Protein chains: 4
Amino acid sequence: MRGKGNKMSNDSKQLEAFDVLGDGISFVRLINTMGSDVEIVNGARVSFGKRREELDEKDKVLIQYLADERHTSPFEHVAFTFHIKCPLFVTRQWHRHRTWSYNEISRRYTSMNLEFYVPKAYRQQAETNRQASTDELLEETKDGKNIHDLVAAHTSGAFEFYEDLIKQGVAREQARMVLPQNMYTEMYATVNLHNLIHFVELRIHTGAQWEIQQYALKLLDLAEEAAPYAIKAIRKARNW
Amino acid sequence: MRGKGNKMSNDSKQLEAFDVLGDGISFVRLINTMGSDVEIVNGARVSFGKRREELDEKDKVLIQYLADERHTSPFEHVAFTFHIKCPLFVTRQWHRHRTWSYNEISRRYTSMNLEFYVPKAYRQQAETNRQASTDELLEETKDGKNIHDLVAAHTSGAFEFYEDLIKQGVAREQARMVLPQNMYTEMYATVNLHNLIHFVELRIHTGAQWEIQQYALKLLDLAEEAAPYAIKAIRKARNW
Amino acid sequence: MRGKGNKMSNDSKQLEAFDVLGDGISFVRLINTMGSDVEIVNGARVSFGKRREELDEKDKVLIQYLADERHTSPFEHVAFTFHIKCPLFVTRQWHRHRTWSYNEISRRYTSMNLEFYVPKAYRQQAETNRQASTDELLEETKDGKNIHDLVAAHTSGAFEFYEDLIKQGVAREQARMVLPQNMYTEMYATVNLHNLIHFVELRIHTGAQWEIQQYALKLLDLAEEAAPYAIKAIRKARNW
Amino acid sequence: MRGKGNKMSNDSKQLEAFDVLGDGISFVRLINTMGSDVEIVNGARVSFGKRREELDEKDKVLIQYLADERHTSPFEHVAFTFHIKCPLFVTRQWHRHRTWSYNEISRRYTSMNLEFYVPKAYRQQAETNRQASTDELLEETKDGKNIHDLVAAHTSGAFEFYEDLIKQGVAREQARMVLPQNMYTEMYATVNLHNLIHFVELRIHTGAQWEIQQYALKLLDLAEEAAPYAIKAIRKARNW
């Protein structure tokens with residue numbers, strides 16, 4: 001737990017880290033961007049030498065048309081690199097998206113700074129949808145124990161066991177297998193706007209797990225700084 | 001633990017399951033294949049109507065040339081579907097390969113048949129290479145406890161805690177985060193021969209983790225049944 | 001021109017070549033397939049050891065659900081290799097689809113069997129849509145010349161010029177640049193069912209060029225032989 | 001033909017257009033870049049909050065190591081958008097690279113500014129390698145005609161025929177098929193540094209066609225401005 005608030009560091013605007021899950025550990029940080037609204041228009045038109053530098057009204061109509069018709073291949077000329085810290089079970093869903101470039105911290109290499117995601121309250125199992133959870137939150141077990149404390153104690157125990165295995169000489173690559181899936185991991189992740197929109201579409205869907213929904217929503221907000229008109233057009237076209 | 005031996009079920013040759021990690025739980029099973037040595041040659045030549053049905057000596061020279069020169073795009077016309085059961089930490093490395101098609105069992109959906117990878121002996125941390133392990137195996141802690149038993153007890157404890165959370169009403173998608181990373185998972189995974197070779201190249205490298213090396217070696221053996229000459233040419237070209 | 005009729009060779013059912021553009025030269029031939037309806041179900045469920053071998057009613061409901069919800073990642077376990085002969089301007093549209101595996105005949109390597117697409121009648125420019133053509137066909141110029149004959153004469157002239165350049169010693173790789181874009185080319189092309197459906201969706205759209213529409217429709221028919229229920233479900237979901 | 005010299009326009013450095021084939025028509029222009037040497041290092045280390053902003057000596061050693069070992073996945077966080085004008089036969093080779101994002105000018109949509117590649121001298125067919133050409137250049141046919149003039153006349157004839165078909169009412173999408181393959185086309189093309197290096201590796205190979213070699217070499221030079229140390233390391237590792 002590293003304090004409250006939504007913004008974590010702030011050397012510069014680009015490096016601002018946003019706390020996604022509200023625990024002061026998770027974050028998303030926009031590292032770099034390439035292109036912008038105007039490059040989408042230039043890509044769509046491949047204009048002869050007459051590369052535009054600013055959007056006019058006709059360009060905005062074109063961007064809305066591309067968003068409405070799902071002709072978003074010109075959106076591939078806009079790209080982003082993010083630095084992300086999220087629980088391992090979120091990464092597992094994320095990495096199924098094969099159009100991103102990932103570099104993840106290796107737990108074979110280092111055991112520094114191991115941290116875990118331990119929410120204050122827990123979602124209940126949905127009865128009608130085997131895969132989903134409800135909005136009703138549990139904080140205590142039926143006999144009055146605090147679930148957060150139970151998960152925190154379990155996590156600490158696993159971490160101590162891991163450290164003991166390391167001390168015994170077991171290789172990190174093998175010892176890490178005793179660590180639970182709420183372990184935090186970090187990655188550099190690069191994606192273009194076309195594929196980012198596809199990711200967001202699947203991951204803000206009501207069927208998606210709450211945690212990854214929070215990351216998807218935050219990425220969309222950050223992308224909006226780089227390509228405001230394109231994201232506005234997508235929000236309108238998709239009803240987001 | 002489900003018995004001994006290398007082969008697990010055997011309704012038909014295609015459905016044979018091979019125990020990869022030697023614990024009677026892990027497996028790889030070849031579900032389907034497409035193409036064969038001769039289709040590599042047909043693809044490389046795109047012969048006019050004269051599609052070959054059998055390899056001759058000239059074809060074999062061509063396949064060896066393609067393997068030697070790394071011109072393996074015609075190998076993309078040979079494909080495989082595997083059914084794989086492996087520990088979650090292996091899947092995490094596997095899914096970084098973005099050229100496969102994956103369908104993995106969802107632990108948001110079901111908690112049936114949860115099983116865990118608990119080796120009998122443990123590899124030691126390499127001193128010179130921070131990322132690797134040595135061949136020397138540990139079975140006991142310095143004070144004489146059996147490491148397998150410690151890991152098994154830890155795993156059982158985590159599983160019981162998980163089941164208790166489920167009973168308290170916590171959603172499966174959130175409860176599963178207390179389970180350790182030696183949890184087994186299953187997937188259907190489809191790949192073409194060009195990309196399979198690339199996967200094997202990276203994953204049988206001495207720097208790769210022992211567990212995924214075993215899977216890569218077994219996949220190569222299974223692929224050899226479908227495209228024997230191509231795999232032979234690759235083994236020769238790569239010194240495998 | 002190589003005769004009439006829809007089927008060209010017929011050593012075996014798999015190798016049947018279908019004339020796509022009606023000129024006796026173009027063709028699509030299904031070379032190999034992998035998987036079928038049942039493997040889609042097995043992939044979607046990754047069932048524990050209980051791999052199905054035949055579809056039941058519940059499986060059909062599942063396939064329709066996957067088609068309706070565009071959850072077609074399990075369709076990636078069904079794959080096809082086609083042998084295709086099409087005009088170069090069709091290949092140029094085709095190769096924009098980056099999810100296929102292609103091996104195309106090289107005109108740097110051989111000038112054997114050069115053939116050209118010369119339709120009998122020509123589509124008129126649409127006035128409202130700059131990119132499209134109308135269904136009204138032109139056969140003659142305003143001064144009564146047969147357009148087919150003009151195109152055929154132009155094509156022959158270009159071919160003779162090409163052959164002359166070759167005789168003068170100009171390299172094939174450079175001489176070929178004088179050949180027109182109605183030149184036929186051939187390719188081996190492999191794709192999975194998920195990506196094939198995406199290709200068909202874009203290429204049978206009314207905005208697509210008539211020639212590539214014909215190829216897309218024929219591929220869909222051929223795929224139906226391998227995965228009849230999945231294609232039926234897609235046709236229903238997409239109104240094709 | 002649009003004048004002489006190597007640089008074509010120069011509003012700003014980024015928009016400079018480089019004449020690749022020396023005919024005053026072809027060009028490559030670097031539109032946008034993302035990332036740089038330092039982001040490769042940050043991606044490779046996914047450092048905990050300690051994102052570097054400048055390279056030190058240790059970072060340079062790391063980049064050289066990544067280049068030498070072909071561990072170039074961190075190079076995927078550096079990306080480029082190029083605006084390219086090249087002959088259609090070059091695009092056909094280029095589009096076989098499926099890791100780029102392309103937007104190409106549509107000749108179904110416009111017939112403005114049609115231009116053609118007509119070299120002054122022609123490479124001779126290699127006798128030992130069916131696919132290649134020699135360095136010896138031909139300027140005249142055996143009976144003393146200038147080959148450039150013959151190709152130019154052929155190209156003009158094809159263009160006039162095309163214009164006539166358009167006047168007769170034939171749709172652009174169909175009329176364009178009479179145009180030769182030395183027709184220029186333009187595209188916006190985005191790629192990351194990992195995939196750019198792979199492209200360059202295949203396309204500066206002695207077996208590649210001279211024209212695409214020139215584009216590959218120019219792209220490498222332009223990339224060097226954005227990530228000088230990485231390109232230097234690659235040149236050293238690959239002997240380029």
# chains A, B, ... in the order shown; residues from 1 in each chain; ligands from 1
$ residues_around --residues "range 220-231 of chain C" --least-positions-apart "4" --cutoff "9 Å" --atoms "only C-alpha atoms" --output "tab-separated table (two decimals) with C-alpha atoms, in the first residue's frame"
chain	number	residue	atom	x	y	z
C	29	ARG	CA	-8.45	-25.92	-55.61
C	30	LEU	CA	-8.74	-27.17	-52.04
C	33	THR	CA	-7.93	-29.30	-44.56
C	34	MET	CA	-7.43	-29.76	-40.81
C	35	GLY	CA	-10.12	-30.13	-38.17
C	36	SER	CA	-13.87	-29.92	-38.55
C	37	ASP	CA	-16.99	-28.79	-36.69
C	38	VAL	CA	-16.25	-31.13	-33.81
C	40	ILE	CA	-14.29	-26.24	-32.79
C	60	LYS	CA	-24.64	-27.17	-32.53
C	63	ILE	CA	-21.34	-23.30	-32.53
C	64	GLN	CA	-24.26	-21.01	-33.37
C	67	ALA	CA	-20.86	-17.45	-34.58
C	75	PHE	CA	-12.49	-21.68	-35.31
C	78	VAL	CA	-9.81	-25.58	-38.47
C	79	ALA	CA	-7.47	-24.76	-41.35
C	80	PHE	CA	-7.26	-24.96	-45.14
C	193	LEU	CA	-11.37	-20.70	-40.45
C	196	LEU	CA	-11.08	-17.07	-43.64
C	197	ILE	CA	-14.43	-15.79	-42.35
C	200	VAL	CA	-14.90	-13.43	-46.79
C	215	TYR	CA	-12.95	-16.00	-55.09
C	216	ALA	CA	-14.32	-15.29	-51.62
C	235	ARG	CA	-24.13	-17.76	-42.88
C	236	LYS	CA	-27.05	-17.46	-40.51
$ select_by_dssp --residues "range 58-181 of chain B" --states "strand (DSSP E or B)" --output "list of chain:residue names"
B:Ala79, B:Phe80, B:Thr81, B:Phe82, B:His83, B:Ile84, B:Lys85, B:Cys86, B:Pro87, B:Ser101, B:Tyr102, B:Asn103, B:Glu104, B:Phe116, B:Tyr122, B:Arg123, B:Gln124, B:Gln125, B:Ser133, B:Thr134, B:Asp135, B:Glu136, B:Leu137, B:Leu138, B:Glu140, B:Asn146, B:Val170, B:Pro180
$ interface_residues --of "chain D" --to "chain B" --cutoff "12 Å" --atoms "only C-alpha atoms" --output "list in words"
Glu69, Arg70, His71, Ser73, Arg96, His97, Arg98, Thr99, Leu202, His205 and Gly207 of chain D
$ atom_distance --atom1 "CA of Trp210 in chain B" --atom2 "CA of Pro119 in chain B"
12.0 Å
$ residues_around --residues "Ser101 in chain C" --least-positions-apart "2" --cutoff "7 Å" --atoms "only C-alpha atoms" --output "list in words"
Glu76 of chain B; Thr99, Ala189, Thr190 and Val191 of chain C
$ write_last_selection --atoms "N, CA and C atoms" --output "mmCIF file, in the first residue's frame"
data_model
loop_
_atom_site.group_PDB
_atom_site.id
_atom_site.type_symbol
_atom_site.label_atom_id
_atom_site.label_comp_id
_atom_site.auth_asym_id
_atom_site.auth_seq_id
_atom_site.Cartn_x
_atom_site.Cartn_y
_atom_site.Cartn_z
ATOM 1 N N GLU B 76 4.773 -23.349 -43.708
ATOM 2 C CA GLU B 76 3.522 -22.846 -43.121
ATOM 3 C C GLU B 76 2.295 -23.598 -43.635
ATOM 4 N N THR C 99 -2.989 -12.517 -42.279
ATOM 5 C CA THR C 99 -3.153 -13.705 -41.443
ATOM 6 C C THR C 99 -3.075 -14.989 -42.250
ATOM 7 N N ALA C 189 -2.007 -21.038 -50.562
ATOM 8 C CA ALA C 189 -2.416 -20.093 -49.518
ATOM 9 C C ALA C 189 -3.113 -20.867 -48.405
ATOM 10 N N THR C 190 -2.615 -20.714 -47.190
ATOM 11 C CA THR C 190 -3.137 -21.433 -46.027
ATOM 12 C C THR C 190 -3.727 -20.440 -45.044
ATOM 13 N N VAL C 191 -4.870 -20.792 -44.472
ATOM 14 C CA VAL C 191 -5.552 -19.877 -43.556
ATOM 15 C C VAL C 191 -6.405 -20.700 -42.605
#
$ residues_around --residues "range 162-165 of chain A" --least-positions-apart "4" --cutoff "12 Å" --atoms "only C-alpha atoms" --output "number ranges by chain"
A: 107, 111-112, 114, 155-158, 169-180; B: 122-125, 138-142, 145-148, 150-151, 154, 180-181
$ atom_distance --atom1 "CA of Arg108 in chain A" --atom2 "CA of Asp149 in chain A"
28.6 Å
$ residues_around --residues "Arg130 in chain A" --least-positions-apart "2" --cutoff "8 Å" --atoms "only C-alpha atoms" --output "list in words"
Gln125, Ala126, Glu127, Thr128 and Ala132 of chain A; Arg108, Tyr109 and Thr110 of chain B
$ write_last_selection --atoms "N, CA, C and O atoms" --output "tab-separated table (two decimals), in the first residue's frame"
chain	number	residue	atom	x	y	z
A	125	GLN	N	-19.99	-14.65	-6.55
A	125	GLN	CA	-20.24	-15.45	-7.74
A	125	GLN	C	-21.64	-15.17	-8.27
A	125	GLN	O	-22.61	-15.19	-7.53
A	126	ALA	N	-21.73	-14.90	-9.59
A	126	ALA	CA	-23.04	-14.74	-10.22
A	126	ALA	C	-23.70	-16.11	-10.30
A	126	ALA	O	-23.03	-17.10	-10.57
A	127	GLU	N	-24.99	-16.15	-10.05
A	127	GLU	CA	-25.65	-17.46	-10.10
A	127	GLU	C	-26.09	-17.82	-11.52
A	127	GLU	O	-26.10	-18.97	-11.91
A	128	THR	N	-26.46	-16.80	-12.28
A	128	THR	CA	-26.96	-17.10	-13.63
A	128	THR	C	-25.85	-17.29	-14.64
A	128	THR	O	-26.00	-18.00	-15.62
A	132	ALA	N	-19.17	-15.22	-14.38
A	132	ALA	CA	-19.13	-13.82	-13.94
A	132	ALA	C	-19.28	-13.67	-12.43
A	132	ALA	O	-19.46	-14.62	-11.68
B	108	ARG	N	-12.21	-19.05	-14.54
B	108	ARG	CA	-13.33	-18.22	-14.12
B	108	ARG	C	-14.61	-19.07	-14.19
B	108	ARG	O	-15.57	-18.81	-13.49
B	109	TYR	N	-14.60	-20.07	-15.06
B	109	TYR	CA	-15.82	-20.81	-15.40
B	109	TYR	C	-15.98	-22.07	-14.56
B	109	TYR	O	-17.07	-22.44	-14.18
B	110	THR	N	-14.85	-22.74	-14.31
B	110	THR	CA	-14.95	-24.03	-13.62
B	110	THR	C	-13.82	-24.21	-12.63
B	110	THR	O	-12.71	-23.73	-12.85
$ select_by_dssp --residues "range 46-164 of chain C" --states "helix (DSSP H, G or I)" --output "PyMOL selection string"
chain C and resi 57-68+73-77+88-94+147-164
$ write_last_selection --atoms "N, CA and C atoms" --output "short mmCIF file (atom, residue, chain, number, x, y, z; two decimals), in the first residue's frame"
data_model
loop_
_atom_site.label_atom_id
_atom_site.label_comp_id
_atom_site.auth_asym_id
_atom_site.auth_seq_id
_atom_site.Cartn_x
_atom_site.Cartn_y
_atom_site.Cartn_z
N GLU C 57 -26.72 -32.11 -30.41
CA GLU C 57 -27.52 -30.89 -30.53
C GLU C 57 -26.94 -29.74 -29.70
N LYS C 58 -26.44 -30.09 -28.51
CA LYS C 58 -25.87 -29.06 -27.64
C LYS C 58 -24.63 -28.42 -28.27
N ASP C 59 -23.87 -29.23 -28.98
CA ASP C 59 -22.68 -28.72 -29.67
C ASP C 59 -23.09 -27.73 -30.77
N LYS C 60 -24.18 -28.06 -31.45
CA LYS C 60 -24.64 -27.17 -32.53
C LYS C 60 -25.09 -25.82 -31.97
N VAL C 61 -25.74 -25.87 -30.82
CA VAL C 61 -26.15 -24.63 -30.17
C VAL C 61 -24.90 -23.81 -29.81
N LEU C 62 -23.87 -24.51 -29.32
CA LEU C 62 -22.63 -23.81 -28.97
C LEU C 62 -22.01 -23.14 -30.19
N ILE C 63 -21.94 -23.86 -31.31
CA ILE C 63 -21.34 -23.30 -32.53
C ILE C 63 -22.13 -22.07 -33.00
N GLN C 64 -23.45 -22.17 -32.95
CA GLN C 64 -24.26 -21.01 -33.37
C GLN C 64 -24.01 -19.81 -32.45
N TYR C 65 -23.87 -20.11 -31.14
CA TYR C 65 -23.59 -19.05 -30.17
C TYR C 65 -22.24 -18.38 -30.47
N LEU C 66 -21.22 -19.18 -30.75
CA LEU C 66 -19.89 -18.63 -31.06
C LEU C 66 -19.96 -17.76 -32.32
N ALA C 67 -20.71 -18.22 -33.33
CA ALA C 67 -20.86 -17.45 -34.58
C ALA C 67 -21.61 -16.15 -34.31
N ASP C 68 -22.69 -16.22 -33.54
CA ASP C 68 -23.51 -15.03 -33.27
C ASP C 68 -22.73 -13.97 -32.48
N SER C 73 -12.60 -17.55 -31.90
CA SER C 73 -11.22 -18.03 -31.73
C SER C 73 -11.14 -19.57 -31.79
N PRO C 74 -12.15 -20.34 -31.34
CA PRO C 74 -12.02 -21.80 -31.52
C PRO C 74 -12.06 -22.24 -32.99
N PHE C 75 -12.51 -21.36 -33.87
CA PHE C 75 -12.49 -21.68 -35.31
C PHE C 75 -11.06 -21.71 -35.85
N GLU C 76 -10.10 -21.24 -35.06
CA GLU C 76 -8.71 -21.23 -35.52
C GLU C 76 -8.10 -22.64 -35.55
N HIS C 77 -8.79 -23.62 -34.98
CA HIS C 77 -8.27 -24.99 -35.03
C HIS C 77 -8.70 -25.72 -36.30
N LEU C 88 -3.19 -10.77 -61.18
CA LEU C 88 -2.30 -10.08 -60.25
C LEU C 88 -3.04 -9.00 -59.45
N PHE C 89 -4.00 -8.31 -60.06
CA PHE C 89 -4.66 -7.25 -59.28
C PHE C 89 -5.54 -7.83 -58.18
N VAL C 90 -5.95 -9.08 -58.31
CA VAL C 90 -6.67 -9.76 -57.22
C VAL C 90 -5.69 -10.14 -56.10
N THR C 91 -4.54 -10.67 -56.49
CA THR C 91 -3.52 -11.03 -55.48
C THR C 91 -3.14 -9.83 -54.64
N ARG C 92 -3.05 -8.67 -55.31
CA ARG C 92 -2.65 -7.48 -54.57
C ARG C 92 -3.63 -7.15 -53.45
N GLN C 93 -4.92 -7.36 -53.70
CA GLN C 93 -5.92 -7.14 -52.65
C GLN C 93 -5.83 -8.25 -51.60
N TRP C 94 -5.59 -9.45 -52.07
CA TRP C 94 -5.56 -10.62 -51.20
C TRP C 94 -4.42 -10.52 -50.17
N ILE C 147 -14.35 -4.52 -77.03
CA ILE C 147 -13.34 -4.19 -76.00
C ILE C 147 -12.48 -5.40 -75.65
N HIS C 148 -13.11 -6.56 -75.57
CA HIS C 148 -12.32 -7.78 -75.31
C HIS C 148 -11.17 -7.90 -76.31
N ASP C 149 -11.46 -7.67 -77.57
CA ASP C 149 -10.42 -7.82 -78.59
C ASP C 149 -9.32 -6.77 -78.41
N LEU C 150 -9.73 -5.56 -78.02
CA LEU C 150 -8.72 -4.52 -77.79
C LEU C 150 -7.80 -4.89 -76.63
N VAL C 151 -8.41 -5.38 -75.54
CA VAL C 151 -7.60 -5.76 -74.38
C VAL C 151 -6.71 -6.95 -74.72
N ALA C 152 -7.27 -7.90 -75.47
CA ALA C 152 -6.47 -9.07 -75.86
C ALA C 152 -5.28 -8.65 -76.73
N ALA C 153 -5.51 -7.73 -77.64
CA ALA C 153 -4.42 -7.27 -78.52
C ALA C 153 -3.36 -6.53 -77.71
N HIS C 154 -3.82 -5.69 -76.78
CA HIS C 154 -2.88 -4.96 -75.91
C HIS C 154 -2.03 -5.95 -75.10
N THR C 155 -2.70 -6.93 -74.55
CA THR C 155 -2.02 -7.92 -73.73
C THR C 155 -0.99 -8.70 -74.55
N SER C 156 -1.38 -9.11 -75.74
CA SER C 156 -0.45 -9.84 -76.61
C SER C 156 0.75 -8.97 -76.96
N GLY C 157 0.50 -7.72 -77.23
CA GLY C 157 1.59 -6.80 -77.54
C GLY C 157 2.56 -6.68 -76.39
N ALA C 158 2.03 -6.57 -75.18
CA ALA C 158 2.89 -6.46 -74.00
C ALA C 158 3.70 -7.74 -73.81
N PHE C 159 3.06 -8.87 -74.05
CA PHE C 159 3.75 -10.15 -73.89
C PHE C 159 4.88 -10.29 -74.91
N GLU C 160 4.62 -9.87 -76.15
CA GLU C 160 5.67 -9.94 -77.17
C GLU C 160 6.84 -9.01 -76.82
N PHE C 161 6.50 -7.84 -76.32
CA PHE C 161 7.57 -6.91 -75.91
C PHE C 161 8.40 -7.52 -74.78
N TYR C 162 7.72 -8.14 -73.83
CA TYR C 162 8.42 -8.84 -72.74
C TYR C 162 9.36 -9.91 -73.29
N GLU C 163 8.86 -10.72 -74.20
CA GLU C 163 9.68 -11.81 -74.75
C GLU C 163 10.88 -11.24 -75.51
N ASP C 164 10.66 -10.12 -76.16
CA ASP C 164 11.76 -9.51 -76.88
C ASP C 164 12.84 -9.00 -75.91
#
$ closest_residue --among "B:Leu15, B:Val46, B:Leu21, B:Ile31" --to "Tyr188 in chain B" --atoms "only C-alpha atoms"
B:Ile31
$ atom_distance --atom1 "CA of Tyr184 in chain B" --atom2 "CA of Glu104 in chain B"
11.1 Å
